[in-house]
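> Got a structure for you, model_27.cif, holding mmCIF, C-alpha atoms and all ligand atoms.
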data_coords
#
loop_
_atom_site.label_atom_id
_atom_site.label_comp_id
_atom_site.auth_asym_id
_atom_site.auth_seq_id
_atom_site.Cartn_x
_atom_site.Cartn_y
_atom_site.Cartn_z
CA MET L 1 -41.41 -18.96 28.29
CA ALA L 2 -39.76 -21.88 26.66
CA ILE L 3 -39.86 -24.68 24.20
CA ARG L 4 -39.68 -27.81 26.33
CA PRO L 5 -38.35 -31.22 25.30
CA VAL L 6 -41.15 -33.61 24.36
CA LEU L 7 -40.94 -37.03 26.00
CA LYS L 8 -40.78 -39.93 23.58
CA MET L 9 -42.56 -43.27 23.77
CA GLY L 10 -40.52 -45.48 26.06
CA ASP L 11 -40.39 -42.85 28.78
CA PRO L 12 -42.43 -44.33 31.65
CA ARG L 13 -43.95 -40.94 32.47
CA LEU L 14 -46.08 -41.22 29.32
CA TRP L 15 -47.85 -44.29 30.75
CA GLU L 16 -48.94 -42.56 33.96
CA LYS L 17 -52.37 -41.14 34.75
CA SER L 18 -52.43 -37.39 35.24
CA LEU L 19 -53.88 -35.57 38.24
CA PRO L 20 -56.62 -32.93 38.06
CA VAL L 21 -55.75 -29.26 38.28
CA VAL L 22 -57.07 -27.81 41.55
CA ALA L 23 -56.17 -24.12 41.20
CA PHE L 24 -56.86 -21.98 38.13
CA ASP L 25 -55.53 -18.57 37.20
CA THR L 26 -52.22 -19.22 38.91
CA PRO L 27 -48.81 -18.12 37.62
CA GLU L 28 -47.76 -21.78 37.56
CA LEU L 29 -50.65 -22.77 35.31
CA ALA L 30 -50.06 -19.76 33.05
CA ALA L 31 -46.38 -20.68 32.75
CA LEU L 32 -47.23 -24.30 31.95
CA LEU L 33 -49.69 -23.24 29.24
CA ALA L 34 -47.21 -20.80 27.71
CA ASP L 35 -44.56 -23.51 27.55
CA MET L 36 -47.07 -25.93 26.03
CA ARG L 37 -48.07 -23.40 23.35
CA ASP L 38 -44.45 -22.61 22.52
CA THR L 39 -43.60 -26.30 22.31
CA MET L 40 -46.63 -27.22 20.19
CA GLN L 41 -45.94 -24.38 17.76
CA ALA L 42 -42.25 -25.18 17.49
CA MET L 43 -43.05 -28.79 16.63
CA ASN L 44 -46.01 -27.86 14.41
CA GLY L 45 -48.33 -30.12 16.37
CA ALA L 46 -52.10 -30.20 16.33
CA GLY L 47 -52.14 -30.65 20.08
CA LEU L 48 -50.08 -31.29 23.17
CA ALA L 49 -50.79 -32.81 26.57
CA ALA L 50 -48.95 -31.73 29.73
CA PRO L 51 -47.51 -35.22 30.41
CA GLN L 52 -45.69 -34.98 27.08
CA ILE L 53 -43.47 -32.33 28.65
CA GLY L 54 -43.23 -34.28 31.89
CA VAL L 55 -46.02 -32.55 33.82
CA GLY L 56 -48.57 -35.01 35.19
CA LEU L 57 -51.58 -32.70 35.20
CA GLN L 58 -54.86 -32.93 33.29
CA VAL L 59 -54.08 -30.14 30.84
CA VAL L 60 -54.23 -30.36 27.06
CA ILE L 61 -54.08 -27.80 24.30
CA PHE L 62 -55.02 -28.28 20.67
CA GLY L 63 -56.00 -26.37 17.58
CA VAL L 64 -55.55 -26.43 13.83
CA GLU L 65 -55.70 -23.17 11.91
CA ASN L 66 -57.07 -23.03 8.43
CA ASN L 67 -54.05 -23.52 6.20
CA PRO L 68 -54.37 -22.58 2.54
CA ARG L 69 -51.83 -25.26 1.67
CA TYR L 70 -54.16 -27.91 3.12
CA PRO L 71 -57.63 -26.67 2.25
CA ASP L 72 -59.17 -30.01 3.11
CA ALA L 73 -57.85 -30.03 6.67
CA GLU L 74 -60.66 -29.36 9.09
CA GLU L 75 -60.18 -26.36 11.29
CA VAL L 76 -60.16 -26.90 15.05
CA PRO L 77 -60.36 -23.85 17.35
CA GLN L 78 -57.34 -23.16 19.54
CA THR L 79 -58.39 -24.62 22.87
CA VAL L 80 -57.07 -25.02 26.39
CA LEU L 81 -58.89 -27.91 28.05
CA ILE L 82 -58.32 -28.73 31.71
CA ASN L 83 -59.74 -31.66 33.70
CA PRO L 84 -61.59 -32.96 30.64
CA ARG L 85 -64.42 -35.43 30.53
CA LEU L 86 -65.46 -37.14 27.31
CA GLN L 87 -68.85 -38.59 26.57
CA PRO L 88 -69.21 -40.45 23.26
CA ILE L 89 -72.36 -39.73 21.28
CA GLY L 90 -73.53 -42.97 19.80
CA GLU L 91 -71.27 -45.91 19.21
CA GLU L 92 -70.07 -45.10 15.72
CA MET L 93 -66.31 -45.34 15.31
CA GLU L 94 -64.23 -43.89 12.51
CA GLU L 95 -60.71 -44.84 11.48
CA GLY L 96 -58.17 -42.18 10.63
CA TRP L 97 -54.43 -41.56 10.45
CA GLU L 98 -52.76 -40.12 13.52
CA GLY L 99 -49.33 -39.07 14.53
CA CYS L 100 -47.95 -38.03 17.89
CA LEU L 101 -45.16 -35.66 18.88
CA SER L 102 -44.00 -38.37 21.30
CA ILE L 103 -43.68 -40.87 18.42
CA PRO L 104 -41.91 -38.82 15.76
CA GLY L 105 -41.76 -40.00 12.17
CA MET L 106 -44.59 -42.51 12.48
CA ARG L 107 -48.27 -42.71 11.63
CA GLY L 108 -51.01 -45.18 12.39
CA VAL L 109 -54.69 -45.73 11.67
CA VAL L 110 -56.64 -45.38 14.89
CA PRO L 111 -60.36 -45.97 15.54
CA ARG L 112 -62.06 -43.15 17.44
CA PHE L 113 -65.60 -42.23 18.33
CA LYS L 114 -67.01 -40.18 15.50
CA SER L 115 -68.97 -37.80 17.73
CA LEU L 116 -68.65 -36.82 21.34
CA ARG L 117 -69.36 -34.22 23.95
CA TYR L 118 -66.44 -32.85 25.92
CA GLN L 119 -66.49 -30.82 29.06
CA GLY L 120 -63.80 -29.24 31.15
CA PHE L 121 -62.35 -25.88 32.04
CA ASP L 122 -60.33 -23.16 30.36
CA ALA L 123 -57.25 -21.52 31.87
CA SER L 124 -59.37 -19.25 34.10
CA GLY L 125 -61.58 -22.05 35.33
CA GLY L 126 -64.45 -21.13 33.01
CA PRO L 127 -66.52 -24.07 31.81
CA ILE L 128 -66.11 -25.60 28.36
CA ASP L 129 -68.90 -27.75 26.95
CA ARG L 130 -68.78 -28.70 23.28
CA THR L 131 -70.29 -31.33 21.04
CA VAL L 132 -68.02 -32.15 18.12
CA SER L 133 -67.37 -34.77 15.48
CA GLY L 134 -64.83 -35.84 12.90
CA PHE L 135 -61.29 -34.47 13.10
CA HIS L 136 -62.05 -32.22 16.08
CA ALA L 137 -63.38 -35.24 18.02
CA ARG L 138 -60.32 -37.26 16.98
CA VAL L 139 -57.86 -34.63 18.21
CA VAL L 140 -59.62 -34.38 21.58
CA GLN L 141 -59.63 -38.15 22.05
CA HIS L 142 -55.93 -38.36 21.18
CA GLU L 143 -54.97 -35.64 23.65
CA VAL L 144 -57.20 -36.86 26.48
CA ASP L 145 -55.72 -40.34 26.02
CA HIS L 146 -52.36 -38.86 27.03
CA LEU L 147 -53.90 -37.94 30.40
CA LEU L 148 -54.93 -41.57 30.86
CA GLY L 149 -51.45 -42.81 30.02
CA VAL L 150 -52.52 -44.13 26.62
CA LEU L 151 -50.55 -43.64 23.41
CA TYR L 152 -52.25 -44.19 20.04
CA PRO L 153 -50.37 -47.40 19.10
CA LEU L 154 -52.28 -49.14 21.92
CA ARG L 155 -55.52 -48.46 20.05
CA ILE L 156 -54.38 -49.61 16.62
CA ARG L 157 -56.35 -52.59 15.31
CA ASP L 158 -54.29 -53.37 12.23
CA PRO L 159 -50.54 -53.14 12.89
CA ARG L 160 -49.91 -53.20 9.14
CA ARG L 161 -51.28 -49.70 9.06
CA PHE L 162 -48.73 -48.41 11.53
CA GLY L 163 -45.21 -47.45 10.58
CA PHE L 164 -42.71 -44.91 9.44
CA ILE L 165 -44.03 -42.08 7.30
CA GLU L 166 -41.53 -42.55 4.49
CA ALA L 167 -42.35 -46.26 4.26
CA LEU L 168 -46.12 -45.81 4.48
CA PHE L 169 -46.26 -42.93 2.01
CA PRO L 170 -43.27 -43.28 -0.31
CA GLU L 171 -44.84 -41.07 -2.97
CA ALA L 172 -45.63 -38.18 -0.68
CA SER L 173 -43.41 -35.19 -0.19
CA GLN L 174 -42.89 -34.37 3.44
CA PRO L 175 -45.29 -31.54 4.15
CA ASP L 176 -45.03 -29.56 7.34
CA GLU L 177 -48.68 -30.13 8.03
CA PRO L 178 -49.87 -30.47 11.60
CA SER L 179 -48.58 -33.82 12.61
CA GLY L 180 -50.09 -35.08 15.76
CA GLY L 181 -50.13 -34.02 19.33
NI NI L 201 -49.84 -37.48 21.06
#
Here is the file; what I need is its structure written in the form of structure tokens.

Amino acid sequence: MAIRPVLKMGDPRLWEKSLPVVAFDTPELAALLADMRDTMQAMNGAGLAAPQIGVGLQVVIFGVENNPRYPDAEEVPQTVLINPRLQPIGEEMEEGWEGCLSIPGMRGVVPRFKSLRYQGFDASGGPIDRTVSGFHARVVQHEVDHLLGVLYPLRIRDPRRFGFIEALFPEASQPDEPSGG
């Protein structure tokens, strides 16, 4: 399997809507998922959507392991989510910093639903049905947006809280923490 180049904002393929997966448990899907995992790990991302490597299918992966260097980071289970559907729970929104592997070196504050239910399928076509909140919910919304052709800057309300990491956080060292998806 292989680390694939990640498309960057400006590439028109990132603005397209992805198509549903119709066949599970195929060698093609397994190969796509292996490439996505390799690419996400190599770039230390929290998630990755298939269109980010130029594949217009409704496939996302995400997950954040518990990292002793960042004890406050919320853990998110490693997940393959295919043909997802999101259903917000309540109307409460929460703002939080996001990054994206397709927009390297930048961060922005993005409003997201605080709680939601997501449904979809795993790599074998088994059903996934979870109710989550907080960081987990944020990661899912970010990744599923990629399948709709939406990148996080489109959701930013205050452009003053969007910019280059070194300008936004001049005091911070540059940790290799999970940095978007
Ligand atoms: Ni992203």
> Around ligand NI 201 (chain L), which protein and nucleic acid residues have at least one atom no more than 10 Å from it, if we count all atoms listed in the file? List them as a ChimeraX atom specification.
/L:8-9,14,45-49,51-52,98-104,139,141-146,150-152,179-181
> Quick one: distance from CA of Asp72 (chain L) to CA of Pro159 (chain L) in Å, one decimal?
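Computing the Euclidean distance for CA of Asp72 (chain L) and CA of Pro159 (chain L) yields 26.6 Å.
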> Give me, please, the distance in Å between CA of Gly120 (chain L) and CA of Pro84 (chain L), quoted to one decimal.
4.4 Å
> Looking at L:Ala2, L:Val76, L:Leu32, L:Val132, which one is nearest to Arg117 (chain L), with distances taken over all atoms listed in the file?
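That would be L:Val132, the residue with the smallest distance to Arg117 (chain L).
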> Of the candidates L:Gln119, L:Gln78, L:Asn83, L:Asn44, which shows the shortest atom-to-atom distance to Pro20 (chain L), using only C-alpha atoms?
L:Asn83
> Expressed in Å to a single decimal, how great is the separation between CA of Leu7 (chain L) and CA of Gly54 (chain L)?
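Computing the Euclidean distance for CA of Leu7 (chain L) and CA of Gly54 (chain L) yields 6.9 Å.
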> Pick out the closest residue to Met40 (chain L) from this set: L:Arg85, L:Lys114, L:Arg4, L:Arg157. Count only C-alpha atoms.
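Going through L:Arg85, L:Lys114, L:Arg4, L:Arg157 one by one, the smallest distance to Met40 (chain L) is for L:Arg4.
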> Find the residues near Gly126 (chain L): any atom within 12 Å, counting all atoms listed in the file, skip ones fewer than 3 places away on the same chain, and give them as a PyMOL selection string.
chain L and resi 24-25+80-83+119-123+129
> Which residues come within 9 Å of Arg161 (chain L), counting all atoms listed in the file, excluding same-chain residues fewer than 2 positions away, as a PyMOL selection string?
chain L and resi 97+107-109+156-159+163+168
> Taking all atoms listed in the file into account, name the residue in L:His136, L:Met106, L:Ile128, L:Pro12 that is nearest to Pro153 (chain L).
L:Met106
> Would you mind listing what lies within 6 Å of region 86-96 of chain L as a list in words, with all atoms listed in the file counted and same-chain residues fewer than 4 positions away left out?
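Skipping anything fewer than 4 positions along the chain leaves Val109, Val110, Pro111, Arg112, Phe113, Lys114, Ser115, Leu116, Arg117 and Tyr118 of chain L.
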> Tell me which of L:Ser18, L:Ile165, L:Ala137, L:Ala50 sits closest to Pro77 (chain L), counting only C-alpha atoms.
L:Ala137
> Between L:Gly10, L:Pro170, L:Gly149, L:Pro27, single out the one closest to Gly56 (chain L), counting all atoms listed in the file.
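Under the stated criterion, the closest residue is L:Gly149.
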> Return the padded bounding box of region 23-33 of chain L as AutoDock Vina command-line options: axis-aligned, built from all atoms listed in the file, 4 Å added on each side, with centre and edge lengths in Å to one decimal.

--center_x -51.6 --center_y -21.2 --center_z 35.2 --size_x 18.5 --size_y 14.2 --size_z 20.0
> Just need region 1-66 of chain L in a file, please: C-alpha atoms, as a compact mmCIF listing (two decimals), in the first residue's frame.

# COMPACT_ATOMS: atom_id res chain seq x y z
CA MET L 1 0.00 0.00 0.00
CA ALA L 2 1.08 3.55 -0.32
CA ILE L 3 1.18 7.02 1.04
CA ARG L 4 -0.79 9.08 -1.46
CA PRO L 5 -0.42 12.79 -2.18
CA VAL L 6 -3.08 14.85 -0.40
CA LEU L 7 -4.89 17.36 -2.59
CA LYS L 8 -4.63 20.95 -1.43
CA MET L 9 -7.33 23.60 -1.34
CA GLY L 10 -7.55 25.07 -4.81
CA ASP L 11 -7.82 21.66 -6.44
CA PRO L 12 -11.35 21.56 -7.89
CA ARG L 13 -11.78 17.91 -6.90
CA LEU L 14 -12.09 19.02 -3.26
CA TRP L 15 -15.28 20.95 -4.09
CA GLU L 16 -17.08 17.97 -5.61
CA LYS L 17 -19.71 15.79 -3.97
CA SER L 18 -18.68 12.19 -3.47
CA LEU L 19 -20.63 9.14 -4.60
CA PRO L 20 -21.83 6.35 -2.30
CA VAL L 21 -19.94 3.08 -2.13
CA VAL L 22 -22.05 0.29 -3.63
CA ALA L 23 -19.86 -2.78 -3.02
CA PHE L 24 -18.20 -3.66 0.29
CA ASP L 25 -15.49 -6.18 1.05
CA THR L 26 -13.87 -5.68 -2.33
CA PRO L 27 -10.12 -5.60 -2.99
CA GLU L 28 -10.53 -2.08 -4.38
CA LEU L 29 -12.13 -0.81 -1.18
CA ALA L 30 -9.52 -2.57 0.96
CA ALA L 31 -6.74 -1.00 -1.10
CA LEU L 32 -8.31 2.45 -0.81
CA LEU L 33 -8.63 2.11 2.97
CA ALA L 34 -5.05 0.91 3.33
CA ASP L 35 -3.80 3.88 1.33
CA MET L 36 -5.94 6.23 3.40
CA ARG L 37 -4.59 4.80 6.67
CA ASP L 38 -0.99 5.01 5.45
CA THR L 39 -1.50 8.59 4.29
CA MET L 40 -3.26 9.72 7.47
CA GLN L 41 -0.55 8.20 9.66
CA ALA L 42 2.27 9.65 7.60
CA MET L 43 0.77 13.12 7.91
CA ASN L 44 -0.23 12.63 11.55
CA GLY L 45 -3.83 13.53 10.80
CA ALA L 46 -6.88 12.98 12.95
CA GLY L 47 -8.86 11.94 9.90
CA LEU L 48 -8.88 11.69 6.15
CA ALA L 49 -11.61 11.64 3.51
CA ALA L 50 -11.26 9.76 0.22
CA PRO L 51 -11.65 12.90 -1.94
CA GLN L 52 -8.51 14.28 -0.28
CA ILE L 53 -6.54 11.65 -2.18
CA GLY L 54 -8.58 12.21 -5.32
CA VAL L 55 -11.13 9.43 -4.88
CA GLY L 56 -14.71 10.70 -5.08
CA LEU L 57 -16.32 8.09 -2.84
CA GLN L 58 -18.13 8.49 0.48
CA VAL L 59 -15.36 7.03 2.61
CA VAL L 60 -13.76 8.65 5.63
CA ILE L 61 -11.42 7.41 8.32
CA PHE L 62 -10.62 9.08 11.61
CA GLY L 63 -9.27 8.37 15.05
CA VAL L 64 -7.14 9.94 17.75
CA GLU L 65 -5.20 7.69 20.10
CA ASN L 66 -4.60 8.67 23.66
